[in-house]
$ cat run.txt   # compact mmCIF, C-alpha atoms and all ligand atoms
# COMPACT_ATOMS: atom_id res chain seq x y z
CA MET A 1142 12.44 47.65 15.44
CA ASN A 1143 8.78 48.67 15.16
CA ILE A 1144 6.31 48.07 17.96
CA ALA A 1145 2.59 48.79 17.73
CA VAL A 1146 0.45 49.60 20.73
CA ILE A 1147 -3.28 48.96 20.76
CA ASN A 1148 -5.60 50.42 23.35
CA SER A 1149 -8.94 48.90 22.50
CA GLY A 1150 -12.07 50.34 24.10
CA SER A 1151 -15.69 49.28 23.72
CA SER A 1152 -16.24 51.51 20.66
CA SER A 1153 -12.74 52.78 19.91
CA ILE A 1154 -9.22 51.70 19.02
CA LYS A 1155 -6.23 53.88 19.85
CA PHE A 1156 -3.26 52.72 17.82
CA GLN A 1157 0.35 53.91 17.87
CA LEU A 1158 3.32 52.76 15.88
CA PHE A 1159 6.76 53.25 17.42
CA CYS A 1160 10.23 52.99 15.94
CA MET A 1161 12.11 51.93 19.07
CA GLU A 1162 15.66 52.58 17.80
CA LYS A 1163 14.85 56.17 16.93
CA ASN A 1164 12.55 56.61 19.89
CA GLU A 1165 9.97 57.98 17.48
CA VAL A 1166 6.22 57.74 17.06
CA LEU A 1167 5.69 56.89 13.38
CA ALA A 1168 1.92 57.01 13.40
CA HIS A 1169 -0.99 57.64 15.68
CA ILE A 1170 -4.43 56.43 14.66
CA LEU A 1171 -7.67 56.90 16.52
CA VAL A 1172 -10.78 54.99 15.47
CA GLU A 1173 -13.95 56.08 17.22
CA LYS A 1174 -17.66 55.25 17.15
CA ILE A 1175 -17.10 51.64 16.06
CA GLY A 1176 -20.49 50.00 15.46
CA GLU A 1177 -22.32 53.30 15.03
CA SER A 1178 -23.82 54.53 11.76
CA ILE A 1179 -20.80 56.75 11.11
CA SER A 1180 -17.31 56.13 12.49
CA ASP A 1181 -14.36 58.53 12.69
CA MET A 1182 -10.72 57.82 11.94
CA ILE A 1183 -7.90 60.23 12.59
CA LEU A 1184 -4.39 59.50 11.37
CA GLU A 1185 -1.49 61.62 12.54
CA TYR A 1186 2.05 61.17 11.25
CA GLU A 1187 4.99 63.51 10.83
CA ASP A 1188 3.20 66.84 10.97
CA LYS A 1189 0.16 65.67 9.05
CA LYS A 1190 -3.34 65.06 10.28
CA LEU A 1191 -5.99 63.24 8.27
CA GLU A 1192 -9.60 62.85 9.30
CA ILE A 1193 -11.71 60.18 7.65
CA ILE A 1194 -15.41 59.55 8.11
CA THR A 1195 -16.38 55.99 7.30
CA VAL A 1196 -18.41 53.04 8.54
CA ILE A 1197 -16.63 50.57 10.81
CA LYS A 1198 -18.84 47.71 11.95
CA ASN A 1199 -16.55 46.11 14.49
CA HIS A 1200 -13.01 45.95 15.88
CA HIS A 1201 -11.91 43.55 13.15
CA ASP A 1202 -12.85 46.06 10.46
CA GLY A 1203 -11.28 48.82 12.55
CA LEU A 1204 -7.92 47.07 12.59
CA GLU A 1205 -8.18 46.28 8.86
CA GLU A 1206 -8.71 49.99 8.16
CA ILE A 1207 -5.71 50.83 10.37
CA ILE A 1208 -3.51 48.34 8.52
CA SER A 1209 -4.56 49.64 5.11
CA LEU A 1210 -4.01 53.28 6.19
CA LEU A 1211 -0.49 52.41 7.40
CA SER A 1212 0.27 50.72 4.11
CA LYS A 1213 -1.30 53.44 1.96
CA HIS A 1214 0.81 56.14 3.61
CA SER A 1215 3.95 53.97 3.51
CA LEU A 1216 4.16 53.96 7.31
CA LEU A 1217 4.20 50.17 7.61
CA LYS A 1218 4.08 48.07 4.46
CA ASP A 1219 3.71 44.72 6.18
CA PHE A 1220 1.79 44.47 9.45
CA THR A 1221 3.32 41.06 10.13
CA SER A 1222 6.81 42.60 10.15
CA LEU A 1223 6.18 44.19 13.56
CA SER A 1224 8.50 43.08 16.37
CA ALA A 1225 5.61 43.11 18.85
CA ILE A 1226 2.11 44.38 19.45
CA GLY A 1227 1.50 45.69 22.95
CA HIS A 1228 -2.05 45.68 24.30
CA ARG A 1229 -3.41 47.72 27.15
CA VAL A 1230 -5.35 45.42 29.46
CA VAL A 1231 -7.10 47.17 32.32
CA HIS A 1232 -7.44 44.34 34.82
CA GLY A 1233 -4.71 41.81 35.48
CA GLY A 1234 -6.13 40.61 38.79
CA GLU A 1235 -3.65 39.21 41.32
CA GLU A 1236 -1.77 37.07 38.87
CA PHE A 1237 -0.30 39.51 36.38
CA LYS A 1238 2.49 41.46 37.98
CA SER A 1239 4.24 42.49 34.77
CA ALA A 1240 3.88 42.56 30.99
CA THR A 1241 3.13 39.10 29.62
CA ILE A 1242 3.35 37.41 26.22
CA ILE A 1243 -0.16 36.40 25.22
CA ASP A 1244 -1.01 32.78 24.42
CA GLU A 1245 -4.25 30.81 24.65
CA ASN A 1246 -3.84 30.28 28.35
CA ILE A 1247 -3.32 34.01 28.99
CA ILE A 1248 -6.40 34.82 26.91
CA LYS A 1249 -8.44 32.49 29.12
CA LYS A 1250 -7.07 34.20 32.22
CA ILE A 1251 -7.93 37.68 30.90
CA GLU A 1252 -11.38 36.34 30.07
CA ALA A 1253 -11.76 34.99 33.59
CA LEU A 1254 -11.06 38.50 34.92
CA ILE A 1255 -14.04 40.01 33.04
CA PRO A 1256 -16.30 40.03 36.14
CA LEU A 1257 -13.72 42.29 37.83
CA ALA A 1258 -13.65 44.73 34.87
CA PRO A 1259 -16.84 44.19 32.86
CA LEU A 1260 -16.51 47.49 30.99
CA HIS A 1261 -12.86 47.21 30.03
CA ASN A 1262 -11.47 43.68 29.75
CA PRO A 1263 -13.92 42.48 27.04
CA ALA A 1264 -12.95 45.42 24.80
CA ASN A 1265 -9.24 44.88 25.51
CA LEU A 1266 -9.66 41.19 24.61
CA GLU A 1267 -11.42 42.07 21.39
CA GLY A 1268 -8.37 44.11 20.36
CA ILE A 1269 -6.06 41.20 21.23
CA LEU A 1270 -8.10 38.66 19.26
CA VAL A 1271 -8.29 40.73 16.07
CA ALA A 1272 -4.57 41.57 16.25
CA ILE A 1273 -3.71 37.87 16.60
CA LYS A 1274 -5.81 37.13 13.52
CA LYS A 1275 -4.02 39.81 11.52
CA ALA A 1276 -0.50 39.04 12.75
CA PRO A 1277 -0.45 35.50 14.18
CA ASN A 1278 3.35 35.27 14.24
CA VAL A 1279 4.02 38.58 15.93
CA PRO A 1280 4.46 38.43 19.73
CA GLN A 1281 1.37 39.95 21.33
CA ILE A 1282 2.04 41.38 24.75
CA ALA A 1283 -0.46 42.33 27.44
CA VAL A 1284 0.45 45.28 29.64
CA PHE A 1285 -1.85 45.56 32.65
CA ASP A 1286 -3.06 48.76 34.34
CA THR A 1287 -3.04 46.93 37.65
CA ALA A 1288 0.50 45.48 37.41
CA PHE A 1289 2.35 48.52 38.77
CA HIS A 1290 0.36 48.27 42.00
CA SER A 1291 0.81 44.52 42.40
CA ASN A 1292 3.47 44.90 45.09
CA MET A 1293 1.35 47.01 47.40
CA PRO A 1294 1.56 45.70 50.97
CA GLU A 1295 -1.34 43.62 52.28
CA GLU A 1296 -2.50 46.42 54.59
CA ALA A 1297 -2.94 48.63 51.51
CA TYR A 1298 -4.98 46.20 49.48
CA ILE A 1299 -7.11 44.40 52.09
CA TYR A 1300 -10.50 45.99 52.71
CA ALA A 1301 -11.81 45.78 56.26
CA LEU A 1302 -14.47 43.29 55.16
CA PRO A 1303 -14.75 39.66 56.26
CA TYR A 1304 -11.46 38.11 55.13
CA GLU A 1305 -13.31 35.42 53.13
CA MET A 1306 -14.43 38.16 50.73
CA TYR A 1307 -10.79 38.38 49.70
CA GLU A 1308 -10.00 34.67 49.93
CA LYS A 1309 -13.10 33.42 48.12
CA TYR A 1310 -14.01 36.28 45.82
CA LYS A 1311 -10.76 38.25 45.40
CA ILE A 1312 -12.44 41.40 46.65
CA ARG A 1313 -9.42 43.59 47.38
CA ARG A 1314 -7.87 46.81 46.16
CA TYR A 1315 -6.03 46.46 42.85
CA GLY A 1316 -5.37 50.02 41.69
CA PHE A 1317 -5.37 51.25 38.09
CA HIS A 1318 -3.63 53.80 35.82
CA GLY A 1319 -0.46 51.79 36.57
CA THR A 1320 1.19 52.45 33.21
CA SER A 1321 0.74 56.18 33.70
CA HIS A 1322 2.06 56.24 37.29
CA SER A 1323 4.97 54.05 36.22
CA TYR A 1324 5.83 56.23 33.20
CA VAL A 1325 5.71 59.39 35.30
CA LEU A 1326 7.88 57.78 37.98
CA LYS A 1327 10.58 56.90 35.42
CA GLN A 1328 10.48 60.40 33.93
CA THR A 1329 10.78 61.92 37.41
CA ALA A 1330 13.84 59.75 38.12
CA LYS A 1331 15.44 60.92 34.86
CA LEU A 1332 14.65 64.57 35.45
CA LEU A 1333 15.85 64.56 39.05
CA GLN A 1334 18.81 62.33 38.12
CA LYS A 1335 18.00 59.89 40.88
CA ASN A 1336 17.79 56.13 40.98
CA LEU A 1337 14.26 54.98 40.54
CA ASN A 1338 14.50 52.67 43.54
CA GLU A 1339 15.53 55.54 45.80
CA LEU A 1340 12.65 57.76 44.87
CA ASN A 1341 9.67 58.53 47.12
CA ILE A 1342 7.00 60.43 45.24
CA ILE A 1343 3.28 61.08 45.08
CA THR A 1344 1.88 60.96 41.55
CA LEU A 1345 -1.45 62.55 40.71
CA HIS A 1346 -3.00 61.38 37.44
CA LEU A 1347 -5.83 63.89 37.01
CA GLY A 1348 -7.89 63.37 33.87
CA ASN A 1349 -11.44 62.28 33.22
CA GLY A 1350 -10.52 59.31 35.36
CA SER A 1351 -8.17 60.26 38.20
CA SER A 1352 -6.00 58.50 40.71
CA ALA A 1353 -3.25 59.25 43.20
CA CYS A 1354 -0.35 56.95 43.98
CA ALA A 1355 2.13 56.79 46.84
CA ILE A 1356 5.45 55.47 45.56
CA GLU A 1357 8.18 54.38 47.97
CA ASN A 1358 11.61 53.47 46.64
CA GLY A 1359 10.11 53.16 43.16
CA VAL A 1360 7.27 50.83 44.25
CA SER A 1361 3.56 51.67 44.47
CA ILE A 1362 2.64 51.24 48.13
CA ASP A 1363 -0.85 52.71 47.93
CA THR A 1364 -3.20 54.13 45.36
CA SER A 1365 -6.62 55.73 45.39
CA MET A 1366 -8.48 53.45 42.96
CA GLY A 1367 -9.43 50.13 44.48
CA PHE A 1368 -11.40 47.05 43.48
CA THR A 1369 -12.54 49.06 40.46
CA PRO A 1370 -11.60 52.46 39.03
CA LEU A 1371 -14.55 53.99 40.93
CA GLU A 1372 -12.84 54.48 44.29
CA GLY A 1373 -10.80 57.44 45.38
CA LEU A 1374 -10.65 60.88 43.80
CA VAL A 1375 -13.63 62.82 42.45
CA MET A 1376 -13.61 62.27 38.68
CA GLY A 1377 -15.38 63.59 35.58
CA SER A 1378 -18.45 61.41 36.10
CA ARG A 1379 -17.36 58.98 38.85
CA CYS A 1380 -18.00 59.68 42.51
CA GLY A 1381 -14.79 58.33 44.04
CA ASP A 1382 -15.00 57.62 47.77
CA VAL A 1383 -18.52 57.61 49.23
CA ASP A 1384 -20.03 56.05 52.32
CA PRO A 1385 -20.96 52.54 51.11
CA ALA A 1386 -24.20 52.77 53.13
CA ILE A 1387 -25.44 55.28 50.54
CA ILE A 1388 -25.62 52.45 48.02
CA ILE A 1389 -27.71 50.35 50.41
CA HIS A 1390 -29.93 53.38 51.05
CA MET A 1391 -30.43 53.99 47.32
CA GLN A 1392 -31.55 50.42 46.82
CA ARG A 1393 -33.51 49.82 49.99
CA GLU A 1394 -35.16 53.21 50.51
CA LEU A 1395 -35.15 54.80 47.06
CA GLY A 1396 -35.98 51.59 45.21
CA MET A 1397 -33.15 51.93 42.71
CA SER A 1398 -32.01 48.86 40.80
CA VAL A 1399 -28.42 47.61 40.74
CA ASP A 1400 -27.98 48.91 37.19
CA GLU A 1401 -29.39 52.31 38.10
CA VAL A 1402 -27.01 52.64 41.04
CA ASP A 1403 -24.11 51.49 38.86
CA LYS A 1404 -24.92 54.12 36.24
CA LEU A 1405 -25.43 56.83 38.85
CA LEU A 1406 -22.06 56.21 40.51
CA ASN A 1407 -20.02 55.75 37.31
CA LYS A 1408 -21.69 58.05 34.81
CA LYS A 1409 -23.79 60.60 36.66
CA SER A 1410 -21.63 61.51 39.65
CA GLY A 1411 -18.31 63.28 40.19
CA LEU A 1412 -18.07 66.72 38.58
CA ILE A 1413 -20.98 66.06 36.23
CA GLY A 1414 -23.13 65.08 39.19
CA ILE A 1415 -22.48 68.33 41.03
CA CYS A 1416 -22.43 70.88 38.20
CA LYS A 1417 -23.72 69.01 35.13
CA ASN A 1418 -20.39 69.22 33.33
CA ASN A 1419 -17.34 66.94 33.36
CA ASP A 1420 -14.91 69.15 31.47
CA VAL A 1421 -12.75 71.00 33.95
CA ARG A 1422 -11.85 73.70 31.44
CA THR A 1423 -15.53 74.55 30.87
CA ILE A 1424 -16.33 74.27 34.57
CA ILE A 1425 -13.63 76.81 35.40
CA GLU A 1426 -14.94 79.15 32.68
CA GLN A 1427 -18.57 78.75 33.82
CA ASN A 1428 -17.60 79.67 37.35
CA ASP A 1429 -21.17 79.62 38.71
CA GLU A 1430 -21.96 78.44 42.20
CA LYS A 1431 -22.28 74.74 41.37
CA SER A 1432 -19.15 74.80 39.21
CA GLN A 1433 -17.16 76.36 42.02
CA LEU A 1434 -18.52 73.77 44.44
CA ALA A 1435 -17.61 70.88 42.09
CA ILE A 1436 -14.02 72.14 41.80
CA LYS A 1437 -13.77 72.63 45.56
CA VAL A 1438 -15.01 69.09 46.25
CA MET A 1439 -12.57 67.66 43.71
CA VAL A 1440 -9.60 69.67 45.00
CA ARG A 1441 -10.34 68.89 48.65
CA ARG A 1442 -10.29 65.15 47.88
CA ILE A 1443 -6.93 65.46 46.10
CA LYS A 1444 -5.50 67.38 49.05
CA LYS A 1445 -6.73 64.70 51.46
CA TYR A 1446 -4.97 61.99 49.47
CA ILE A 1447 -1.74 63.99 49.30
CA GLY A 1448 -1.89 64.43 53.08
CA ALA A 1449 -2.57 60.75 53.63
CA TYR A 1450 0.29 59.69 51.35
CA MET A 1451 2.66 62.14 53.04
CA ALA A 1452 1.82 60.40 56.29
CA LEU A 1453 2.55 56.99 54.73
CA LEU A 1454 5.87 57.97 53.14
CA ASP A 1455 8.54 59.01 55.58
CA ARG A 1456 10.11 61.29 52.97
CA VAL A 1457 8.57 62.80 49.86
CA ASP A 1458 10.94 63.86 47.08
CA ALA A 1459 8.30 65.12 44.68
CA VAL A 1460 4.60 65.57 44.04
CA VAL A 1461 4.01 65.06 40.33
CA PHE A 1462 0.97 66.18 38.34
CA THR A 1463 -0.08 64.44 35.14
CA GLY A 1464 -3.21 63.73 33.01
CA GLY A 1465 -5.26 66.35 31.14
CA ILE A 1466 -6.02 68.41 34.26
CA GLY A 1467 -2.69 67.82 36.01
CA GLU A 1468 -0.65 68.77 32.94
CA ASN A 1469 -2.67 71.79 31.85
CA SER A 1470 -4.46 73.47 34.69
CA ALA A 1471 -2.24 75.83 36.68
CA TYR A 1472 -5.45 76.94 38.43
CA ILE A 1473 -6.23 73.47 39.82
CA ARG A 1474 -2.59 72.80 40.72
CA GLU A 1475 -2.45 76.05 42.67
CA MET A 1476 -5.66 75.22 44.52
CA VAL A 1477 -4.38 71.73 45.34
CA LEU A 1478 -1.03 73.00 46.58
CA SER A 1479 -2.21 76.04 48.52
CA SER A 1480 -1.55 75.87 52.27
CA LEU A 1481 -0.41 72.27 52.00
CA LEU A 1482 2.62 72.42 54.27
CA TYR A 1483 4.86 75.38 54.86
CA GLU A 1484 8.00 73.69 53.50
CA ILE A 1485 6.25 73.01 50.20
CA GLU A 1486 6.30 76.10 48.08
CA LEU A 1487 4.79 76.64 44.66
CA ASP A 1488 6.45 79.07 42.26
CA LYS A 1489 3.33 80.69 40.81
CA SER A 1490 5.05 82.00 37.73
CA LEU A 1491 6.58 78.59 36.83
CA ASN A 1492 3.19 77.05 37.53
CA ALA A 1493 1.44 79.46 35.16
CA GLN A 1494 3.89 78.41 32.43
CA ASN A 1495 3.22 74.68 32.97
CA SER A 1496 6.97 74.26 33.61
CA THR A 1497 8.30 70.82 34.49
CA ILE A 1498 9.41 72.01 37.94
CA ILE A 1499 6.89 74.36 39.52
CA SER A 1500 8.28 74.61 43.06
CA THR A 1501 10.57 77.31 44.39
CA LYS A 1502 14.25 76.48 44.99
CA LYS A 1503 13.74 76.39 48.75
CA SER A 1504 10.72 74.06 48.64
CA SER A 1505 11.60 70.84 50.50
CA VAL A 1506 9.46 68.83 48.07
CA LYS A 1507 9.81 69.21 44.31
CA LEU A 1508 6.51 70.01 42.62
CA MET A 1509 6.45 68.79 39.05
CA VAL A 1510 4.32 68.59 35.91
CA ILE A 1511 5.03 65.64 33.60
CA LYS A 1512 3.05 64.75 30.51
CA THR A 1513 2.04 61.13 30.71
CA ASP A 1514 2.45 58.75 27.78
CA GLU A 1515 0.82 55.40 28.48
CA GLU A 1516 1.37 54.10 24.93
CA GLN A 1517 5.09 54.87 25.11
CA GLU A 1518 5.27 53.06 28.44
CA ILE A 1519 3.50 50.03 26.93
CA ALA A 1520 5.96 50.02 24.01
CA ASN A 1521 8.88 50.27 26.47
CA GLU A 1522 7.49 47.38 28.53
CA CYS A 1523 7.21 45.29 25.35
CA LEU A 1524 10.79 46.09 24.42
CA SER A 1525 12.20 45.08 27.80
CA LEU A 1526 10.14 41.89 27.78
CA LEU A 1527 11.45 41.00 24.31
CA LYS A 1528 15.03 41.71 25.40
CA ASN A 1529 14.66 39.44 28.42
CA GLN A 1530 12.88 36.74 26.48
CA PHE A 1531 15.10 36.32 23.46
P1 LIG B 1601 -8.88 60.93 29.94
O1 LIG B 1601 -8.89 60.45 31.35
O2 LIG B 1601 -10.19 60.76 29.24
O3 LIG B 1601 -7.66 60.50 29.14
P2 LIG B 1601 -7.58 63.53 29.94
O4 LIG B 1601 -6.37 63.06 30.66
O5 LIG B 1601 -7.45 63.96 28.53
O6 LIG B 1601 -8.79 62.52 30.07
O7 LIG B 1601 -8.18 64.76 30.79
C1 LIG B 1601 -9.38 65.37 30.46
C2 LIG B 1601 -9.62 66.52 31.44
O8 LIG B 1601 -8.53 67.45 31.35
C3 LIG B 1601 -10.89 67.29 31.12
O9 LIG B 1601 -11.58 67.55 32.34
C4 LIG B 1601 -10.35 68.59 30.54
O10 LIG B 1601 -11.21 69.66 30.78
C5 LIG B 1601 -9.08 68.75 31.34
N1 LIG B 1601 -8.19 69.74 30.71
C6 LIG B 1601 -7.51 69.64 29.56
N2 LIG B 1601 -6.87 70.81 29.30
C7 LIG B 1601 -7.16 71.65 30.33
C8 LIG B 1601 -6.80 72.98 30.67
N3 LIG B 1601 -6.01 73.72 29.89
N4 LIG B 1601 -7.29 73.49 31.82
C9 LIG B 1601 -8.10 72.77 32.61
N5 LIG B 1601 -8.46 71.52 32.36
C10 LIG B 1601 -8.00 70.96 31.23
$ encode --input "run.txt" --output "structure tokens" --more "lines below"
Ligand code: ADP
Amino acid sequence: MNIAVINSGSSSIKFQLFCMEKNEVLAHILVEKIGESISDMILEYEDKKLEIITVIKNHHDGLEEIISLLSKHSLLKDFTSLSAIGHRVVHGGEEFKSATIIDENIIKKIEALIPLAPLHNPANLEGILVAIKKAPNVPQIAVFDTAFHSNMPEEAYIYALPYEMYEKYKIRRYGFHGTSHSYVLKQTAKLLQKNLNELNIITLHLGNGSSACAIENGVSIDTSMGFTPLEGLVMGSRCGDVDPAIIIHMQRELGMSVDEVDKLLNKKSGLIGICKNNDVRTIIEQNDEKSQLAIKVMVRRIKKYIGAYMALLDRVDAVVFTGGIGENSAYIREMVLSSLLYEIELDKSLNAQNSTIISTKKSSVKLMVIKTDEEQEIANECLSLLKNQF
């Protein structure tokens, strides 16, 4: 049984083809710079890597190129033979609590959620629409970034704003990165040989976009991203938590427009705002005053969330690091975990090796590093939906 996963961004398509029986990735294709004068395609399969420079006008052409590459390299002769195509959809609002088979009605609902995710949902929809055109008889399944957090208690998702803001306008916390937190949770359960629904963990997805999640008995009970993926941790170019009065000040006193403030908070803040760079590896190498400050601000915020989530969970089995920074940077992990609580103890040598378990034997909380795989999680969600459906 072959399942394809499409993660469609505004100018990119990330495509993966899975053979579910063999638990294997058959192909990985990245199409970037769609709509620009020159586009890039990278195909990886077996141990081969192929880079192609071409012109791809739009997502439709992008998917056509993907299909012809798959056929040319005998990876998938007939695109319509797929058992399912899973699509990453960033915002599922309040309605979508799990993976969902896409039909016209679902498309309308994803469309209606565009105001809540203007940067992401339109691109995700584009991917869905072109895939339906190319494989109209294959089940197309939407897997939502927000779904994993959909069982958060009311006190976690209600902002202390007038309640009508929630009732009338659905202004509430939704949370994102759900597929990543969910994948990491399942891997943790496997590795610790525990039942998922008995596991209390804190997951830290630290990448260009970052979020923390408090998971109680296998359910997300709080997470750092909120109404949009701007809230919470300090990210590559996003500010995370700030005093909301700053936004009023920028507009009222500094004369900035809504678009300018939007760009400043999403694209010019976070690490890049403090030290002009958003790549943690380079920032650590640079090591000048501003770089050190940026790292300290980022780490302090992560520590504060860990502390807050420890206070929410009455027992913590593990703190799990994932995402580009979480998986690779022993330096950041050590800073985050230093002087956290005396019963939590990092094994510095295991940490330096990026081992799966990086805590000492006597540490009361397991410290772990798990590589996330959102595409695999989407494929798994599709498979369980198909099994339940048919
Ligand atoms: P995205 O959110 O775009 O998927 P990633 O999860 O790939 O991003 O994370 C990108 C971040 O991970 C960058 O800041 C990058 O510098 C950082 N990173 C990757 N490898 C390392 C490393 N060895 N040490 C420190 N940071 C790293």
$ closest_residue --input "run.txt" --among "A:Asp1181, A:Asp1188, A:Glu1372, A:Glu1515" --to "Ala1168 of chain A" --atoms "only C-alpha atoms"
A:Asp1188
$ closest_atom_pairs --input "run.txt" --of "chain A" --to "ligand LIG 1601 (chain B)" --cutoff "9 Å" --atoms "only C-alpha atoms and all ligand atoms" --output "tab-separated table"
residue	atom	partner	partner_atom	distance
A:His1346	CA	B:LIG1601	O4	7.8
A:Leu1347	CA	B:LIG1601	O4	6.4
A:Gly1348	CA	B:LIG1601	O7	3.4
A:Asn1349	CA	B:LIG1601	O1	3.7
A:Gly1350	CA	B:LIG1601	O1	4.5
A:Ser1351	CA	B:LIG1601	O1	6.9
A:Met1376	CA	B:LIG1601	O9	8.5
A:Gly1377	CA	B:LIG1601	O9	6.4
A:Asn1419	CA	B:LIG1601	O9	5.9
A:Asp1420	CA	B:LIG1601	O9	3.8
A:Val1421	CA	B:LIG1601	O10	3.8
A:Arg1422	CA	B:LIG1601	C9	4.0
A:Thr1423	CA	B:LIG1601	O10	6.5
A:Ile1424	CA	B:LIG1601	O10	7.9
A:Ile1425	CA	B:LIG1601	C9	7.4
A:Thr1463	CA	B:LIG1601	O4	7.8
A:Gly1464	CA	B:LIG1601	O4	4.0
A:Gly1465	CA	B:LIG1601	O7	3.3
A:Ile1466	CA	B:LIG1601	O8	4.0
A:Gly1467	CA	B:LIG1601	O8	7.5
A:Glu1468	CA	B:LIG1601	N2	7.5
A:Asn1469	CA	B:LIG1601	N3	4.3
A:Ser1470	CA	B:LIG1601	N4	4.0
A:Ala1471	CA	B:LIG1601	N4	7.4
A:Tyr1472	CA	B:LIG1601	C9	7.6
A:Ile1473	CA	B:LIG1601	C9	7.5
A:Thr1513	CA	B:LIG1601	O4	8.6
$ closest_residue --input "run.txt" --among "A:Leu1210, A:Ile1388, A:Cys1160, A:Gly1373" --to "Asp1400 of chain A" --atoms "only C-alpha atoms"
A:Ile1388
$ closest_residue --input "run.txt" --among "A:Ile1247, A:Val1460, A:Val1172, A:Val1279" --to "His1322 of chain A" --atoms "only C-alpha atoms"
A:Val1460
$ closest_residue --input "run.txt" --among "A:Ala1520, A:Ala1258, A:Ala1264, A:Leu1527" --to "Ala1145 of chain A" --atoms "only C-alpha atoms"
A:Ala1520
$ closest_residue --input "run.txt" --among "A:Val1477, A:Leu1482, A:Leu1260, A:Leu1216" --to "Asp1403 of chain A" --atoms "only C-alpha atoms"
A:Leu1260
$ residues_around --input "run.txt" --residues "Ile1269 of chain A" --least-positions-apart "3" --cutoff "9 Å" --atoms "all atoms listed in the file" --output "list in words"
Ile1147, Ser1149, Ile1226, Gly1227, His1228, Ile1243, Ile1248, Ala1264, Asn1265, Leu1266, Ala1272, Ile1273, Lys1274, Gln1281, Ile1282 and Ala1283 of chain A
$ residues_around --input "run.txt" --residues "segment 1430-1446 of chain A" --least-positions-apart "2" --cutoff "9 Å" --atoms "only C-alpha atoms" --output "VMD selection string"
chain A and resid 1345 1352 to 1354 1365 1373 to 1376 1382 1411 to 1418 1421 1424 to 1428 1448 to 1451 1473 to 1474 1476 to 1478 1481
$ residues_around --input "run.txt" --residues "Gln1517 of chain A" --least-positions-apart "3" --cutoff "12 Å" --atoms "all atoms listed in the file" --output "MDAnalysis selection string"
chainID A and resid 1144:1148 1156:1161 1164:1167 1169 1227:1229 1284 1320:1321 1323:1325 1327:1328 1512:1514 1520:1524
$ closest_residue --input "run.txt" --among "A:Glu1357, A:Ser1410, A:Ile1343, A:Asp1244" --to "Val1510 of chain A" --atoms "all atoms listed in the file"
A:Ile1343
$ residues_around --input "run.txt" --residues "Glu1295 of chain A" --least-positions-apart "4" --cutoff "10 Å" --atoms "only C-alpha atoms" --output "VMD selection string"
chain A and resid 1299 to 1300 1313 to 1314 1362
$ atom_distance --input "run.txt" --atom1 "atom CA of Leu1223 of chain A" --atom2 "atom CA of Asn1278 of chain A"
9.4 Å
$ atom_distance --input "run.txt" --atom1 "atom CA of Pro1259 of chain A" --atom2 "atom CA of Leu1371 of chain A"
12.9 Å
$ residues_around --input "run.txt" --residues "Met1182 of chain A" --least-positions-apart "5" --cutoff "10 Å" --atoms "all atoms listed in the file" --output "list in words"
Ser1153, Ile1154, Lys1155, Ile1170, Leu1171, Val1172, Glu1173, Lys1174, Ile1175, Leu1191, Glu1192, Ile1193, Ile1194, Thr1195, Val1196, Ile1197, Gly1203, Glu1206, Ile1207 and Leu1210 of chain A
$ write_last_selection --input "run.txt" --atoms "C-alpha atoms" --output "CSV table (one decimal), keeping the file's coordinate frame"
chain,number,residue,atom,x,y,z
A,1153,SER,CA,-12.7,52.8,19.9
A,1154,ILE,CA,-9.2,51.7,19.0
A,1155,LYS,CA,-6.2,53.9,19.8
A,1170,ILE,CA,-4.4,56.4,14.7
A,1171,LEU,CA,-7.7,56.9,16.5
A,1172,VAL,CA,-10.8,55.0,15.5
A,1173,GLU,CA,-14.0,56.1,17.2
A,1174,LYS,CA,-17.7,55.2,17.2
A,1175,ILE,CA,-17.1,51.6,16.1
A,1191,LEU,CA,-6.0,63.2,8.3
A,1192,GLU,CA,-9.6,62.8,9.3
A,1193,ILE,CA,-11.7,60.2,7.6
A,1194,ILE,CA,-15.4,59.6,8.1
A,1195,THR,CA,-16.4,56.0,7.3
A,1196,VAL,CA,-18.4,53.0,8.5
A,1197,ILE,CA,-16.6,50.6,10.8
A,1203,GLY,CA,-11.3,48.8,12.6
A,1206,GLU,CA,-8.7,50.0,8.2
A,1207,ILE,CA,-5.7,50.8,10.4
A,1210,LEU,CA,-4.0,53.3,6.2
